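Here's the structure, in structure tokens; my notes come after.
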Amino acid sequence: MKLDSLIPAPLRKPAKPGEGNGAKGPAPADLKTSPPERPSDAKKLADRAVEAPVDVLAWVDQRTAASGFLTGMLFRKVPKGTNWFYTLGSATMIAFIAQAITGVFLAMFYTPSTTQAYASIAHINNDVFLGQLVHGMHKWGSSLMVILIFLHMGRTFFFGAYKYPRELNWVIGVVLLILTMTMAFTGYLLPFDQRSFWATVVANNITATGPFVGPYLADFLRAGPEVGATTISRFYAIHMLLVPGLIIALIAAHLYLVVKLGTTAPPWLKTARPKSLRKTEVG
């Protein structure tokens, strides 16, 4: 299969003049004595099956114009000196995708109840096929995502990528950091064992000491006079619905601004002066 067959028909380059309409070879000298071989029905069906995914992508692209964004995202120019530090943002996004996928599978067996939460986690780890693997990926993946987003924010700060004209992208990144910590905090209570219960109590008491909004925020998270059944239901709703939705929306805005504004060069590279300024200095 040629590489051109993977490109949707509207995006393919037109044939050069004189090359015909894509025929594989020249036409025979005498069509009566040597007629062209007609493809069989099976071959036609196989060719249509190969072209079907490409046609579907072309159909979607004509109605969404997504190829422009994908082209700008995948083939955008990057400055010289770009290194592995610039992959921390993509690594954080991949960690979030892994958290979302494993979280969906865990939600199929988890019960947000004070009497059944711990038993459902034990059932996932002991009885469900590959349950312990999925739970372990989700558990340790949360720590990995927190580490990666802190490293990404640190790289952005020390490389000066928060300066003009990328201030809005920096603000979005700070909000994403807060939402990531919120998702980690709300997910920690869900197993509802002794460690997660008392850790949540301590964290909620620390939240209550914050100025102005601290006591109100602690009451909202606790959803009652103490950590209990209503608390775990509220944490589950925040962890599964509210925070992931906000993260997805902000990641989309973050990526749009990255494509729109480009990538900042490393601070140790000096920017070359334009030729017009050099001529002015020499004159």
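By order in the structure tokens, chains are A, B, ...; within a chain, residues start at 1; ligands start at 1, following the order shown.
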In region 39-86 of chain A, DSSP helix (DSSP H, G or I) residues written as an MDAnalysis selection string: chainID A and resid 41:64 66:74 84:86
What are the closest atom pairs, with distances in Å to one decimal, for each residue of region 135-249 of chain A lying within 12 Å of region 84-106 of chain A, using only C-alpha atoms, rows by chain and rising residue number, as a tab-separated table?
```
residue	atom	partner	partner_atom	distance
A:His135	CA	A:Leu106	CA	7.0
A:Gly136	CA	A:Thr102	CA	9.4
A:Met137	CA	A:Thr102	CA	7.3
A:His138	CA	A:Gln99	CA	5.6
A:Lys139	CA	A:Gln99	CA	8.7
A:Trp140	CA	A:Gln99	CA	9.6
A:Gly141	CA	A:Gln99	CA	6.5
A:Ser142	CA	A:Gln99	CA	7.0
A:Ser143	CA	A:Ala95	CA	9.8
A:Leu144	CA	A:Ala95	CA	7.3
A:Met145	CA	A:Ala95	CA	5.6
A:Val146	CA	A:Thr92	CA	8.3
A:Ile147	CA	A:Thr92	CA	8.8
A:Leu148	CA	A:Thr92	CA	5.5
A:Ile149	CA	A:Thr92	CA	5.9
A:Phe150	CA	A:Leu88	CA	9.4
A:Leu151	CA	A:Leu88	CA	7.0
A:His152	CA	A:Leu88	CA	5.2
A:Met153	CA	A:Gly89	CA	8.6
A:Gly154	CA	A:Leu88	CA	10.1
A:Arg155	CA	A:Phe85	CA	6.9
A:Thr156	CA	A:Tyr86	CA	9.0
A:Phe158	CA	A:Phe85	CA	11.2
A:Phe159	CA	A:Phe85	CA	10.0
A:Ala161	CA	A:Tyr86	CA	11.0
A:Gly173	CA	A:Gly89	CA	9.9
A:Leu176	CA	A:Thr92	CA	10.7
A:Leu177	CA	A:Thr92	CA	10.7
A:Leu179	CA	A:Phe96	CA	11.7
A:Thr180	CA	A:Phe96	CA	9.1
A:Met183	CA	A:Gln99	CA	10.5
A:Ala184	CA	A:Gln99	CA	10.8
A:Gly187	CA	A:Gly103	CA	10.2
A:Leu190	CA	A:Leu106	CA	11.2
A:Pro191	CA	A:Leu106	CA	11.4
A:Tyr236	CA	A:Gly103	CA	11.3
A:His239	CA	A:Gly103	CA	9.7
A:Met240	CA	A:Gly103	CA	8.0
A:Leu241	CA	A:Ala100	CA	10.7
A:Val243	CA	A:Ala100	CA	11.1
A:Pro244	CA	A:Ala100	CA	7.9
A:Gly245	CA	A:Ala100	CA	10.6
A:Ile247	CA	A:Phe96	CA	9.0
A:Ile248	CA	A:Phe96	CA	9.3
```
Please, could you write that set of residues out with N, CA and C atoms as a short mmCIF file (atom, residue, chain, number, x, y, z; two decimals), in the first residue's frame?
```cif
data_model
loop_
_atom_site.label_atom_id
_atom_site.label_comp_id
_atom_site.auth_asym_id
_atom_site.auth_seq_id
_atom_site.Cartn_x
_atom_site.Cartn_y
_atom_site.Cartn_z
N HIS A 135 -5.50 -0.76 38.92
CA HIS A 135 -5.52 0.06 40.14
C HIS A 135 -4.13 0.60 40.46
N GLY A 136 -3.11 -0.24 40.25
CA GLY A 136 -1.75 0.22 40.49
C GLY A 136 -1.32 1.32 39.53
N MET A 137 -1.72 1.18 38.26
CA MET A 137 -1.41 2.22 37.28
C MET A 137 -2.08 3.54 37.66
N HIS A 138 -3.33 3.45 38.13
CA HIS A 138 -4.05 4.67 38.51
C HIS A 138 -3.46 5.28 39.78
N LYS A 139 -3.10 4.44 40.72
CA LYS A 139 -2.56 4.93 42.00
C LYS A 139 -1.21 5.60 41.82
N TRP A 140 -0.28 4.92 41.16
CA TRP A 140 1.05 5.48 40.99
C TRP A 140 1.09 6.50 39.86
N GLY A 141 0.15 6.40 38.94
CA GLY A 141 0.07 7.40 37.87
C GLY A 141 -0.30 8.77 38.38
N SER A 142 -1.09 8.82 39.46
CA SER A 142 -1.43 10.13 40.04
C SER A 142 -0.19 10.81 40.60
N SER A 143 0.67 10.04 41.27
CA SER A 143 1.92 10.63 41.78
C SER A 143 2.82 11.06 40.64
N LEU A 144 2.87 10.26 39.57
CA LEU A 144 3.69 10.61 38.42
C LEU A 144 3.18 11.88 37.76
N MET A 145 1.87 12.05 37.65
CA MET A 145 1.32 13.25 37.03
C MET A 145 1.63 14.48 37.85
N VAL A 146 1.56 14.38 39.16
CA VAL A 146 1.90 15.52 40.02
C VAL A 146 3.37 15.90 39.85
N ILE A 147 4.24 14.90 39.81
CA ILE A 147 5.67 15.18 39.65
C ILE A 147 5.94 15.84 38.30
N LEU A 148 5.32 15.31 37.24
CA LEU A 148 5.55 15.84 35.90
C LEU A 148 5.05 17.26 35.75
N ILE A 149 3.89 17.58 36.33
CA ILE A 149 3.37 18.93 36.15
C ILE A 149 4.20 19.94 36.93
N PHE A 150 4.76 19.53 38.07
CA PHE A 150 5.66 20.43 38.80
C PHE A 150 6.95 20.65 38.00
N LEU A 151 7.48 19.59 37.40
CA LEU A 151 8.68 19.75 36.58
C LEU A 151 8.41 20.62 35.36
N HIS A 152 7.24 20.45 34.76
CA HIS A 152 6.88 21.26 33.60
C HIS A 152 6.74 22.74 33.98
N MET A 153 6.11 23.01 35.11
CA MET A 153 5.98 24.40 35.56
C MET A 153 7.34 24.99 35.90
N GLY A 154 8.22 24.17 36.50
CA GLY A 154 9.56 24.65 36.81
C GLY A 154 10.36 24.96 35.56
N ARG A 155 10.25 24.10 34.54
CA ARG A 155 10.93 24.37 33.28
C ARG A 155 10.41 25.65 32.64
N THR A 156 9.10 25.84 32.67
CA THR A 156 8.51 27.05 32.10
C THR A 156 9.00 28.30 32.82
N PHE A 158 11.88 28.71 34.76
CA PHE A 158 13.32 28.95 34.65
C PHE A 158 13.74 29.26 33.21
N PHE A 159 12.96 28.83 32.23
CA PHE A 159 13.26 29.15 30.84
C PHE A 159 12.62 30.46 30.41
N ALA A 161 9.44 31.12 29.91
CA ALA A 161 8.36 30.93 28.95
C ALA A 161 7.04 31.53 29.42
N GLY A 173 -1.76 27.31 32.98
CA GLY A 173 -0.93 26.26 33.57
C GLY A 173 -1.02 26.24 35.08
N LEU A 176 -4.23 24.62 35.96
CA LEU A 176 -4.11 23.17 35.75
C LEU A 176 -3.34 22.51 36.90
N LEU A 177 -2.34 23.20 37.42
CA LEU A 177 -1.60 22.66 38.57
C LEU A 177 -2.52 22.53 39.78
N LEU A 179 -5.80 22.26 39.77
CA LEU A 179 -6.78 21.21 39.51
C LEU A 179 -6.17 19.82 39.66
N THR A 180 -4.91 19.67 39.26
CA THR A 180 -4.23 18.38 39.42
C THR A 180 -4.09 18.02 40.89
N MET A 183 -7.49 17.00 42.17
CA MET A 183 -7.85 15.65 41.77
C MET A 183 -7.10 14.60 42.60
N ALA A 184 -5.84 14.87 42.91
CA ALA A 184 -5.08 13.94 43.75
C ALA A 184 -5.64 13.92 45.18
N GLY A 187 -9.08 12.09 45.20
CA GLY A 187 -8.95 10.66 44.93
C GLY A 187 -8.34 9.89 46.08
N LEU A 190 -10.94 8.00 48.37
CA LEU A 190 -11.87 7.03 47.80
C LEU A 190 -11.67 5.60 48.30
N PRO A 191 -10.45 5.10 48.56
CA PRO A 191 -10.35 3.74 49.14
C PRO A 191 -10.99 3.64 50.53
N TYR A 236 -16.08 11.91 45.29
CA TYR A 236 -16.16 11.07 44.07
C TYR A 236 -16.70 11.88 42.90
N HIS A 239 -13.95 14.28 41.84
CA HIS A 239 -12.81 13.56 41.27
C HIS A 239 -13.14 13.00 39.88
N MET A 240 -14.36 12.56 39.67
CA MET A 240 -14.72 11.88 38.42
C MET A 240 -15.33 12.79 37.38
N LEU A 241 -16.02 13.85 37.80
CA LEU A 241 -16.79 14.66 36.85
C LEU A 241 -16.27 16.09 36.74
N VAL A 243 -13.53 17.96 38.08
CA VAL A 243 -12.12 18.28 37.81
C VAL A 243 -11.65 17.77 36.45
N PRO A 244 -11.93 16.52 36.05
CA PRO A 244 -11.49 16.08 34.72
C PRO A 244 -12.08 16.92 33.58
N GLY A 245 -13.34 17.33 33.71
CA GLY A 245 -13.92 18.17 32.66
C GLY A 245 -13.22 19.50 32.53
N ILE A 247 -10.12 20.11 33.43
CA ILE A 247 -8.76 19.86 32.94
C ILE A 247 -8.76 19.67 31.43
N ILE A 248 -9.73 18.94 30.90
CA ILE A 248 -9.79 18.72 29.45
C ILE A 248 -9.99 20.05 28.72
#
```
If you count only C-alpha atoms, which residues fall within 8 Å of Ile232 (chain A), apart from same-chain ones fewer than 3 positions away, as a compact mmCIF listing (two decimals) with C-alpha atoms, in the first residue's frame?
```
# COMPACT_ATOMS: atom_id res chain seq x y z
CA PRO A 112 -18.59 5.32 46.66
CA SER A 113 -19.96 4.24 50.03
CA THR A 114 -18.47 4.24 53.51
CA LEU A 189 -10.10 9.43 50.18
CA LEU A 190 -11.87 7.03 47.80
CA VAL A 227 -15.91 13.29 57.18
CA GLY A 228 -18.44 10.60 56.35
CA ALA A 229 -20.82 9.21 53.74
CA PHE A 235 -15.20 13.73 46.63
CA TYR A 236 -16.16 11.07 44.07
```
Separation of CA of Pro79 (chain A) from CA of Gly262 (chain A) in Å: 9.0 Å
Interatomic distance (Å, one decimal) between CA of Lys77 (chain A) and CA of Pro266 (chain A):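 Rounded to one decimal, the two atoms are 14.3 Å apart.
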Interatomic distance, CA of Gln116 (chain A) to CA of Gly224 (chain A) (Å, one decimal): 19.7 Å
Proximity to Ser233 (chain A) - best of A:Leu255, A:Ala117, A:Ala42, A:Ile178, only C-alpha atoms: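 Between A:Leu255, A:Ala117, A:Ala42, A:Ile178, the residue approaching Ser233 (chain A) most closely is A:Ala117.
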Long-range neighbours of Ala199 (chain A) as a VMD selection string, 12 Å cut-off, only C-alpha atoms, 2 positions minimum in chain: chain A and resid 185 to 197 201 to 206 227
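Excluding Asp219 (chain A) itself and any same-chain residue fewer than 3 positions from it, the protein and nucleic acid residues within 10 Å of it, counting only C-alpha atoms, are Asn204, Asn205, Thr207, Ala208, Gly214, Pro215, Tyr216, Arg222, Ala223, Gly224, Pro225, Glu226, Val227 and Thr231 of chain A.
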